[in-house]
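For reference, the structure discussed in these notes is given below.
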Amino acid sequence: HRHLCEFTGLDFEMAIDEHYYEVLRMIDGCFTAIFDGLNSRYAAEIEAVQRQYPFEPFKYRPSGKDSPRKQCMTFREPRPRYRFHIFSSAGQNLVIQFQEGIAMLRESGVEIGDFDDLDTESERKLGELVKAKYDTDFFLMPRYPSAIRPFYTMPDPEDPRYSNSFDVFMRGEEILSGAQRVHDMKILEEKIKALGIEVETVRDYIDAFKFGAPPHGGCGVGLERVVMLFLSVGNIRETSMFPRDPNRLTP
């Protein structure tokens with residue numbers, strides 16, 4: 001219900017000054033502005049959709065009793081004890097660590113390993129748990145295990161079993177994946193070799209960093225999926241004017 005062969009992708013990359021949470025802050029503020037704009041400028045259109053496809057209004061900016069709206073993250077790289085505030089004045093959405101998400105699933109009876117990826121059923125269950133605890137349909141989850149992310153994802157400097165990566169969720173479904181990218185040629189080659197990939201087969205990609213690149217990160221967003229989940233219409237084909245899937249090519 002949430003996959004298309006052809007979709008509208010919204011991608012961005014940005015330089016990082018201190019920590020990859022700067023990318024999360026940008027995403028947080030961007031989506032808050034999008035949701036605020038939809039609710040203020042298109043209330044009539046949303047109401048028209050709701051008459052045909054009844055749904056609960058999309059909730060963001062958590063308001064539950066345990067809501068960490070002023071939470072901040074302490075880290076050591078690259079500046080010792082630098083305190084980077086996750087939430088900007090534009091945002092204030094929920095951020096939970098991957099390990100916390102795993103712990104919440106286990107407490108609810110889901111069998112899942114420390115470094116296992118979340119399947120669709122686990123994502124939906126986590127969305128239900130987050131909604132019950134924090135009263136929000138929107139949250140960001142960083143620090144995924146390195147083993148389940150692409151080779152160009154920057155490892156966590158304090159524990160390389162994890163990575164400087166994240167997913168973002170709406171109503172218990174992933175709408176985007178992102179990360180800090182590896183910008184160091186030596187680290188790239190080491191990660192590629194560790195996966196058993198012939199370095200020369202991706203030499204052009206590696207050489208792109210030969211003359212240096214700033215620390216950077218970004219993400220890719222599926223627009224139709226965002227609309228589907230904001231309006232809770234149930235099927236992504238309802239949010240694409242000309243949906244393309246394995247069984248439908250024209251019109």
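How things are named: the first chain in the structure tokens is A, the next is B, and so on; residues count from 1 in each chain; ligands count from 1 in the order shown.
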- request: Within segment 67-229 of chain A, find each residue whose DSSP state, derived from the backbone, is helix (DSSP H, G or I), and express the selection as an MDAnalysis selection string.
  value: chainID A and resid 98:107 120:134 146:148 185:194 199:207 223:229
Same residues, C-alpha atoms, saved as an mmCIF file, in the first residue's frame:
```cif
data_model
loop_
_atom_site.group_PDB
_atom_site.id
_atom_site.type_symbol
_atom_site.label_atom_id
_atom_site.label_comp_id
_atom_site.auth_asym_id
_atom_site.auth_seq_id
_atom_site.Cartn_x
_atom_site.Cartn_y
_atom_site.Cartn_z
ATOM 1 C CA PHE A 98 17.174 3.480 17.860
ATOM 2 C CA GLN A 99 18.038 1.605 21.063
ATOM 3 C CA GLU A 100 15.087 3.216 22.838
ATOM 4 C CA GLY A 101 12.786 2.162 20.023
ATOM 5 C CA ILE A 102 14.045 -1.418 20.298
ATOM 6 C CA ALA A 103 13.505 -1.338 24.070
ATOM 7 C CA MET A 104 9.922 -0.094 23.643
ATOM 8 C CA LEU A 105 9.167 -2.902 21.189
ATOM 9 C CA ARG A 106 10.615 -5.543 23.508
ATOM 10 C CA GLU A 107 8.613 -4.239 26.461
ATOM 11 C CA THR A 120 6.843 -2.970 8.438
ATOM 12 C CA GLU A 121 4.967 -4.634 11.310
ATOM 13 C CA SER A 122 7.564 -3.469 13.865
ATOM 14 C CA GLU A 123 7.442 0.085 12.525
ATOM 15 C CA ARG A 124 3.670 0.199 12.903
ATOM 16 C CA LYS A 125 3.851 -1.228 16.409
ATOM 17 C CA LEU A 126 6.480 1.333 17.396
ATOM 18 C CA GLY A 127 4.265 4.076 15.992
ATOM 19 C CA GLU A 128 1.409 2.884 18.207
ATOM 20 C CA LEU A 129 3.665 2.829 21.264
ATOM 21 C CA VAL A 130 5.035 6.296 20.552
ATOM 22 C CA LYS A 131 1.517 7.665 20.032
ATOM 23 C CA ALA A 132 0.360 6.201 23.340
ATOM 24 C CA LYS A 133 3.346 7.527 25.288
ATOM 25 C CA TYR A 134 4.041 10.866 23.607
ATOM 26 C CA SER A 146 25.912 0.202 10.810
ATOM 27 C CA ALA A 147 25.271 -3.306 9.468
ATOM 28 C CA ILE A 148 21.855 -2.335 8.089
ATOM 29 C CA MET A 185 38.433 8.412 1.166
ATOM 30 C CA LYS A 186 40.344 6.178 3.578
ATOM 31 C CA ILE A 187 37.260 5.376 5.646
ATOM 32 C CA LEU A 188 35.257 4.763 2.480
ATOM 33 C CA GLU A 189 37.776 2.261 1.155
ATOM 34 C CA GLU A 190 37.954 0.469 4.513
ATOM 35 C CA LYS A 191 34.169 0.118 4.687
ATOM 36 C CA ILE A 192 33.950 -1.073 1.085
ATOM 37 C CA LYS A 193 36.645 -3.714 1.603
ATOM 38 C CA ALA A 194 34.969 -4.895 4.830
ATOM 39 C CA VAL A 199 37.133 -1.119 -4.523
ATOM 40 C CA GLU A 200 37.756 -0.485 -8.221
ATOM 41 C CA THR A 201 34.095 -1.124 -9.043
ATOM 42 C CA VAL A 202 33.174 2.055 -7.142
ATOM 43 C CA ARG A 203 36.369 3.990 -7.853
ATOM 44 C CA ASP A 204 34.546 6.884 -9.525
ATOM 45 C CA TYR A 205 32.483 7.427 -6.392
ATOM 46 C CA ILE A 206 35.548 7.340 -4.135
ATOM 47 C CA ASP A 207 37.527 9.683 -6.384
ATOM 48 C CA LEU A 223 6.318 12.960 -1.304
ATOM 49 C CA GLU A 224 3.367 10.685 -2.085
ATOM 50 C CA ARG A 225 3.970 8.718 1.106
ATOM 51 C CA VAL A 226 4.027 11.913 3.176
ATOM 52 C CA VAL A 227 0.682 12.980 1.722
ATOM 53 C CA MET A 228 -0.770 9.492 2.196
ATOM 54 C CA LEU A 229 0.155 9.410 5.875
#
```
Just the residues within 9 Å of Pro160 of chain A, please, counting only C-alpha atoms, with nothing from its chain fewer than 4 positions along; format it as a PDB file with all heavy atoms, in the first residue's frame.
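File selection09.pdb, as written:
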```
ATOM      1  N   PRO A 145      21.938   0.732  13.485  1.00  0.00           N
ATOM      2  CA  PRO A 145      23.134  -0.113  13.388  1.00  0.00           C
ATOM      3  C   PRO A 145      23.822   0.042  12.036  1.00  0.00           C
ATOM      4  O   PRO A 145      23.162   0.140  10.997  1.00  0.00           O
ATOM      5  CB  PRO A 145      22.579  -1.533  13.567  1.00  0.00           C
ATOM      6  CG  PRO A 145      21.311  -1.353  14.342  1.00  0.00           C
ATOM      7  CD  PRO A 145      20.733  -0.061  13.841  1.00  0.00           C
ATOM      8  N   SER A 146      25.143   0.040  12.049  1.00  0.00           N
ATOM      9  CA  SER A 146      25.912   0.202  10.810  1.00  0.00           C
ATOM     10  C   SER A 146      25.644  -0.924   9.822  1.00  0.00           C
ATOM     11  O   SER A 146      25.651  -0.719   8.599  1.00  0.00           O
ATOM     12  CB  SER A 146      27.407   0.271  11.128  1.00  0.00           C
ATOM     13  OG  SER A 146      27.720   1.437  11.859  1.00  0.00           O
ATOM     14  N   MET A 154      28.315   7.238   7.670  1.00  0.00           N
ATOM     15  CA  MET A 154      29.375   7.475   8.663  1.00  0.00           C
ATOM     16  C   MET A 154      29.105   6.671   9.937  1.00  0.00           C
ATOM     17  O   MET A 154      28.010   6.730  10.497  1.00  0.00           O
ATOM     18  CB  MET A 154      29.447   8.960   9.012  1.00  0.00           C
ATOM     19  CG  MET A 154      30.582   9.317   9.965  1.00  0.00           C
ATOM     20  SD  MET A 154      32.216   9.092   9.244  1.00  0.00           S
ATOM     21  CE  MET A 154      32.345  10.569   8.246  1.00  0.00           C
ATOM     22  N   PRO A 155      30.091   5.893  10.405  1.00  0.00           N
ATOM     23  CA  PRO A 155      29.910   5.159  11.661  1.00  0.00           C
ATOM     24  C   PRO A 155      29.931   6.100  12.862  1.00  0.00           C
ATOM     25  O   PRO A 155      30.508   7.193  12.798  1.00  0.00           O
ATOM     26  CB  PRO A 155      31.110   4.205  11.686  1.00  0.00           C
ATOM     27  CG  PRO A 155      32.134   4.857  10.826  1.00  0.00           C
ATOM     28  CD  PRO A 155      31.385   5.597   9.758  1.00  0.00           C
ATOM     29  N   ASP A 156      29.301   5.686  13.943  1.00  0.00           N
ATOM     30  CA  ASP A 156      29.341   6.440  15.196  1.00  0.00           C
ATOM     31  C   ASP A 156      30.783   6.439  15.703  1.00  0.00           C
ATOM     32  O   ASP A 156      31.376   5.378  15.872  1.00  0.00           O
ATOM     33  CB  ASP A 156      28.414   5.771  16.211  1.00  0.00           C
ATOM     34  CG  ASP A 156      28.291   6.556  17.514  1.00  0.00           C
ATOM     35  OD1 ASP A 156      29.311   7.093  17.990  1.00  0.00           O
ATOM     36  OD2 ASP A 156      27.182   6.610  18.061  1.00  0.00           O
TER      37      ASP A 156
END
```
message: Which residues are close to Tyr60 of chain A, i.e. within 10 Å by only C-alpha atoms, leaving aside same-chain residues fewer than 5 positions away? Reply as a count of residues only.
response: 16
query: Residues at most 12 Å from Met14 of chain A, counting only C-alpha atoms, excluding those fewer than 5 positions away in the same chain, as a PyMOL selection string?
result: chain A and resi 19-27+178-181+213-219
Could the residues in this selection be written to a file with C-alpha atoms, as a PDB file, in the first residue's frame?
```pdb
ATOM      1  CA  HIS A  19      27.272  17.088  14.510  1.00  0.00           C
ATOM      2  CA  TYR A  20      24.874  15.225  12.247  1.00  0.00           C
ATOM      3  CA  TYR A  21      21.970  16.222  14.484  1.00  0.00           C
ATOM      4  CA  GLU A  22      22.083  19.492  12.568  1.00  0.00           C
ATOM      5  CA  VAL A  23      20.479  17.544   9.708  1.00  0.00           C
ATOM      6  CA  LEU A  24      17.762  16.285  12.061  1.00  0.00           C
ATOM      7  CA  ARG A  25      17.116  19.835  13.239  1.00  0.00           C
ATOM      8  CA  MET A  26      16.705  20.948   9.629  1.00  0.00           C
ATOM      9  CA  ILE A  27      14.271  18.095   8.934  1.00  0.00           C
ATOM     10  CA  GLY A 178      19.109   9.764   5.913  1.00  0.00           C
ATOM     11  CA  ALA A 179      22.552   9.960   7.406  1.00  0.00           C
ATOM     12  CA  GLN A 180      25.871  11.671   7.593  1.00  0.00           C
ATOM     13  CA  ARG A 181      27.814  10.496   4.534  1.00  0.00           C
ATOM     14  CA  ALA A 213      34.730  17.432   0.964  1.00  0.00           C
ATOM     15  CA  PRO A 214      33.141  18.922   4.064  1.00  0.00           C
ATOM     16  CA  PRO A 215      31.287  16.724   6.553  1.00  0.00           C
ATOM     17  CA  HIS A 216      27.792  16.499   5.135  1.00  0.00           C
ATOM     18  CA  GLY A 217      24.522  14.656   5.440  1.00  0.00           C
ATOM     19  CA  GLY A 218      21.056  14.530   4.018  1.00  0.00           C
ATOM     20  CA  CYS A 219      18.018  12.442   3.264  1.00  0.00           C
TER      21      CYS A 219
END
```
Shortest interatomic distance to Phe211 of chain A - which of A:Ser232, A:Ala33, A:Ser163, A:Asp184, counting only C-alpha atoms: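 That would be A:Asp184, the residue with the smallest distance to Phe211 of chain A.
Interatomic distance, atom CA of Ser177 of chain A against atom CA of Pro142 of chain A: 9.7 Å.
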